[in-house]
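Novice: Next comes coords-v3.cif, mmCIF, C-alpha atoms:
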```cif
data_upload
loop_
_atom_site.label_atom_id
_atom_site.label_comp_id
_atom_site.auth_asym_id
_atom_site.auth_seq_id
_atom_site.Cartn_x
_atom_site.Cartn_y
_atom_site.Cartn_z
CA MET A 1090 69.16 43.20 -50.40
CA ASN A 1091 68.40 39.62 -49.37
CA ASP A 1092 70.57 36.54 -49.28
CA PHE A 1093 69.97 34.63 -52.47
CA LYS A 1094 71.49 31.25 -53.25
CA SER A 1095 72.13 29.94 -56.71
CA GLY A 1096 74.31 27.38 -58.33
CA PHE A 1097 74.78 24.33 -60.46
CA VAL A 1098 73.82 20.78 -59.51
CA SER A 1099 74.66 17.54 -61.30
CA LEU A 1100 72.40 14.51 -61.02
CA ILE A 1101 74.53 11.38 -61.35
CA GLY A 1102 73.97 7.66 -60.96
CA LYS A 1103 73.95 4.39 -62.86
CA THR A 1104 71.45 3.73 -65.62
CA ASN A 1105 67.83 3.25 -64.57
CA SER A 1106 68.30 4.63 -61.06
CA GLY A 1107 65.57 7.21 -61.73
CA LYS A 1108 67.60 10.34 -62.51
CA SER A 1109 65.28 11.62 -65.23
CA THR A 1110 62.20 10.81 -63.14
CA LEU A 1111 63.72 12.77 -60.26
CA LEU A 1112 64.53 15.73 -62.51
CA ASN A 1113 60.93 15.81 -63.75
CA SER A 1114 59.67 15.60 -60.17
CA LEU A 1115 61.96 18.40 -58.95
CA VAL A 1116 61.00 20.83 -61.72
CA LYS A 1117 57.33 19.71 -61.67
CA GLU A 1118 57.34 19.27 -65.44
CA LYS A 1119 58.27 16.56 -67.90
CA VAL A 1120 61.57 17.86 -69.24
CA ALA A 1121 63.41 14.54 -69.52
CA ILE A 1122 62.34 11.33 -71.23
CA THR A 1123 61.79 8.41 -68.86
CA ALA A 1124 61.71 4.78 -69.92
CA PRO A 1125 62.59 1.38 -68.51
CA LYS A 1126 65.09 1.01 -71.37
CA THR A 1127 68.70 1.69 -70.37
CA GLN A 1128 70.60 4.70 -71.69
CA THR A 1129 67.50 6.76 -72.52
CA THR A 1130 69.37 9.94 -71.52
CA ARG A 1131 72.24 10.29 -73.98
CA THR A 1132 73.19 13.92 -73.41
CA ALA A 1133 73.13 16.24 -70.42
CA ILE A 1134 69.68 17.78 -69.90
CA LYS A 1135 69.49 21.08 -67.99
CA ALA A 1136 66.55 22.50 -66.08
CA ILE A 1137 66.13 25.51 -63.80
CA ILE A 1138 64.29 25.53 -60.49
CA ASN A 1139 63.37 29.05 -59.36
CA ASN A 1140 62.32 29.56 -55.76
CA GLU A 1141 61.86 32.73 -53.73
CA ASN A 1142 65.39 32.60 -52.27
CA SER A 1143 67.22 30.35 -54.72
CA GLN A 1144 67.86 29.36 -58.29
CA ILE A 1145 69.06 25.83 -58.99
CA ILE A 1146 70.42 24.90 -62.40
CA ILE A 1147 70.27 21.11 -62.41
CA THR A 1148 71.72 18.77 -65.02
CA ASP A 1149 70.51 15.24 -65.60
CA THR A 1150 73.44 13.21 -66.91
CA PRO A 1151 73.63 9.94 -68.83
CA GLY A 1152 73.76 6.91 -66.57
CA ILE A 1153 77.06 5.37 -65.57
CA HIS A 1154 77.37 1.88 -67.05
CA LYS A 1155 79.92 -0.52 -68.51
CA ALA A 1156 80.96 1.18 -71.73
CA LYS A 1157 81.08 -1.06 -74.78
CA THR A 1158 80.96 1.49 -77.59
CA LYS A 1159 82.38 4.93 -78.36
CA LEU A 1160 78.93 6.41 -77.73
CA SER A 1161 78.78 4.73 -74.31
CA LYS A 1162 82.24 6.04 -73.42
CA ALA A 1163 81.27 9.57 -74.50
CA MET A 1164 78.08 9.41 -72.39
CA ILE A 1165 80.02 8.35 -69.29
CA GLU A 1166 82.60 11.07 -69.90
CA THR A 1167 79.78 13.65 -70.04
CA ALA A 1168 78.46 12.48 -66.66
CA GLU A 1169 81.90 12.44 -65.03
CA THR A 1170 82.79 15.89 -66.41
CA MET A 1171 79.59 17.36 -64.96
CA MET A 1172 80.62 16.20 -61.48
CA LYS A 1173 83.67 18.48 -61.65
CA GLU A 1174 81.84 21.57 -62.93
CA VAL A 1175 79.06 21.99 -60.37
CA ASP A 1176 78.51 23.34 -56.87
CA VAL A 1177 76.64 20.25 -55.62
CA VAL A 1178 76.35 16.63 -56.77
CA LEU A 1179 73.17 14.58 -56.32
CA PHE A 1180 74.14 10.90 -56.34
CA LEU A 1181 71.05 8.80 -57.03
CA VAL A 1182 70.99 5.10 -56.13
CA ASP A 1183 68.30 2.44 -56.44
CA CYS A 1184 67.56 1.09 -52.96
CA SER A 1185 66.50 -2.32 -54.27
CA GLU A 1186 70.12 -3.31 -54.99
CA LYS A 1187 71.65 -5.85 -52.61
CA SER A 1188 75.17 -4.37 -52.64
CA ILE A 1189 77.06 -1.40 -54.02
CA CYS A 1190 77.50 -2.19 -57.69
CA GLU A 1191 80.66 -1.61 -59.69
CA GLU A 1192 79.25 1.51 -61.36
CA ASN A 1193 78.36 3.12 -58.02
CA ILE A 1194 81.79 2.28 -56.60
CA LYS A 1195 83.27 4.11 -59.60
CA ILE A 1196 81.04 7.12 -58.89
CA ILE A 1197 82.13 7.16 -55.22
CA GLU A 1198 85.79 7.10 -56.34
CA ARG A 1199 85.12 10.13 -58.61
CA LEU A 1200 83.37 11.93 -55.75
CA LYS A 1201 86.44 11.45 -53.57
CA GLU A 1202 88.59 12.96 -56.35
CA THR A 1203 86.36 15.99 -57.03
CA LYS A 1204 85.71 16.78 -53.35
CA LYS A 1205 82.38 18.39 -54.30
CA PRO A 1206 79.61 18.42 -51.70
CA CYS A 1207 77.38 15.44 -52.41
CA ILE A 1208 73.88 14.47 -51.38
CA LEU A 1209 73.03 10.78 -51.53
CA VAL A 1210 69.49 10.32 -52.81
CA ILE A 1211 68.17 6.80 -52.28
CA ASN A 1212 65.38 6.24 -54.78
CA LYS A 1213 62.55 3.72 -55.15
CA ILE A 1214 61.86 3.47 -51.41
CA ASP A 1215 58.30 2.45 -52.25
CA LEU A 1216 59.68 -0.91 -53.43
CA VAL A 1217 61.54 -2.04 -50.29
CA SER A 1218 60.99 -2.51 -46.58
CA LYS A 1219 62.25 0.01 -44.03
CA GLU A 1220 64.72 -2.60 -42.79
CA LYS A 1221 66.19 -2.96 -46.29
CA LEU A 1222 66.31 0.83 -46.66
CA LEU A 1223 68.29 1.17 -43.42
CA LYS A 1224 70.79 -1.42 -44.67
CA VAL A 1225 71.28 0.53 -47.91
CA ILE A 1226 71.78 3.80 -46.01
CA THR A 1227 74.40 2.19 -43.77
CA MET A 1228 76.12 0.53 -46.72
CA TYR A 1229 76.62 3.85 -48.53
CA LYS A 1230 77.41 5.94 -45.45
CA ASP A 1231 80.29 3.57 -44.73
CA GLU A 1232 81.79 4.37 -48.15
CA TYR A 1233 81.60 8.17 -48.30
CA ASP A 1234 80.90 11.22 -46.14
CA PHE A 1235 77.73 12.52 -47.79
CA LYS A 1236 76.42 15.95 -46.75
CA SER A 1237 73.01 14.33 -46.34
CA VAL A 1238 71.20 11.12 -47.19
CA ILE A 1239 67.62 11.41 -48.46
CA PRO A 1240 65.32 8.45 -49.10
CA ILE A 1241 62.76 9.25 -51.83
CA SER A 1242 60.36 7.86 -54.38
CA ALA A 1243 60.83 10.07 -57.43
CA LEU A 1244 57.97 8.33 -59.19
CA LYS A 1245 55.54 9.11 -56.36
CA ASN A 1246 57.06 12.55 -55.67
CA ASP A 1247 57.80 11.48 -52.08
CA GLY A 1248 60.68 13.33 -50.40
CA THR A 1249 61.60 15.51 -53.36
CA ASP A 1250 60.91 18.72 -51.41
CA ILE A 1251 63.59 17.63 -48.93
CA VAL A 1252 66.04 17.24 -51.84
CA ILE A 1253 65.47 20.88 -52.85
CA ASN A 1254 65.93 22.09 -49.25
CA GLU A 1255 69.20 20.17 -48.87
CA ILE A 1256 70.54 21.48 -52.19
CA GLU A 1257 69.74 25.05 -51.12
CA LYS A 1258 71.76 24.59 -47.91
CA LEU A 1259 74.86 23.80 -49.97
CA LEU A 1260 74.59 26.47 -52.66
CA PRO A 1261 76.71 29.63 -52.53
CA ILE A 1262 75.06 32.91 -51.50
CA ARG A 1263 74.64 35.50 -54.25
CA THR A 1264 73.37 39.06 -53.96
CA LYS A 1265 69.81 39.65 -55.09
CA ILE A 1266 68.66 43.20 -55.75
CA LEU A 1267 64.97 43.77 -55.00
#
```
In structure tokens, write the structure found in this file.
Specialist:
Amino acid sequence: MNDFKSGFVSLIGKTNSGKSTLLNSLVKEKVAITAPKTQTTRTAIKAIINNENSQIIITDTPGIHKAKTKLSKAMIETAETMMKEVDVVLFLVDCSEKSICEENIKIIERLKETKKPCILVINKIDLVSKEKLLKVITMYKDEYDFKSVIPISALKNDGTDIVINEIEKLLPIRTKIL
């Protein structure tokens, strides 16, 4: 018998942070619709990543935003519920933002409540300077004790292998029979 890790991961973040693009990049297939339009993902989308020593069941959730309708409120509730029901949370942020927005502050508050291990994934690094990226990393690290912080470009598939490795470190060990 070998050590085998498996578990559930929730991908959370505000609208248009690149969650669906990251999911597609991680599973190496187009399983989620991507568009510049906000609220493209309206329900939780699940995908499975099978590796030699792990199985990751990852859920792309609707983006956190200011709810104005019943549908919007239901979408946000879906995303927040998923944070409570997983082994690991991937919190995706857009590194081009100048400060931590209201939606991301709300997510950080929920993370503190759930006490789930969380990886901060800073997306769209291809759009900013390294100096700006370092400021964003510091800004978020001051707000929450993330298990790791990973700068990526989901669109260019840059750094996504590191995301998988960091998830695997946090997953529970299961028994695999050969």
Novice: Name all residues at most 12 Å from Leu1223 of chain A (count only C-alpha atoms; drop same-chain ones fewer than 4 positions away) and give them as a compact mmCIF listing (two decimals) with C-alpha atoms, in the frame of the given file.
Specialist:
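Result written to out.txt:
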```txt
# COMPACT_ATOMS: atom_id res chain seq x y z
CA CYS A 1184 67.56 1.09 -52.96
CA SER A 1185 66.50 -2.32 -54.27
CA ILE A 1211 68.17 6.80 -52.28
CA ILE A 1214 61.86 3.47 -51.41
CA VAL A 1217 61.54 -2.04 -50.29
CA SER A 1218 60.99 -2.51 -46.58
CA LYS A 1219 62.25 0.01 -44.03
CA THR A 1227 74.40 2.19 -43.77
CA MET A 1228 76.12 0.53 -46.72
CA TYR A 1229 76.62 3.85 -48.53
CA LYS A 1230 77.41 5.94 -45.45
CA VAL A 1238 71.20 11.12 -47.19
CA ILE A 1239 67.62 11.41 -48.46
CA PRO A 1240 65.32 8.45 -49.10
```
Novice: Care to translate the PyMOL selection byres ((chain A and resi 1175) around 8) into actual residues of this file, as a list of chain:residue names?
Specialist: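 Taken on the displayed file, the PyMOL selection byres ((chain A and resi 1175) around 8) yields the residues A:Gly1096, A:Phe1097, A:Val1098, A:Ser1099, A:Met1171, A:Met1172, A:Lys1173, A:Glu1174, A:Asp1176, A:Val1177, A:Val1178, A:Lys1205.
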Novice: Just checking: using only C-alpha atoms, which residue out of A:Leu1181, A:Lys1119, A:Glu1232, A:Glu1186 ends up closest to Glu1198 of chain A?
Specialist: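 Nearest candidate to Glu1198 of chain A out of A:Leu1181, A:Lys1119, A:Glu1232, A:Glu1186: A:Glu1232.
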Novice: Hey, which of A:Arg1263, A:Lys1103, A:Lys1135, A:Lys1224 ends up closest to Asp1183 of chain A? Count only C-alpha atoms.
Specialist: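 Nearest to Asp1183 of chain A: A:Lys1103.
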Novice: From the options A:Asn1193, A:Thr1150, A:Asn1142, A:Asn1113, which residue's atoms come nearest to Asp1092 of chain A, counting only C-alpha atoms?
Specialist: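 Closest residue, counting only C-alpha atoms: A:Asn1142.
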Novice: Using the file's own x, y and z axes, what box holds all listed atoms of segment 1108-1114 of chain A with 8 Å on each side, keeping edges along x, y and z, and what are its centre and edge lengths in Å to one decimal, as lines of an AutoDock Vina configuration file?
Specialist:
```
center_x = 63.6
center_y = 13.1
center_z = -62.7
size_x = 23.9
size_y = 21.5
size_z = 21.1
```
Novice: Please report the interatomic distance between atom CA of Ile1147 of chain A and atom CA of Thr1249 of chain A in Å with one decimal.
Specialist: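 Computed distance, atom CA of Ile1147 of chain A to atom CA of Thr1249 of chain A, equals 13.7 Å.
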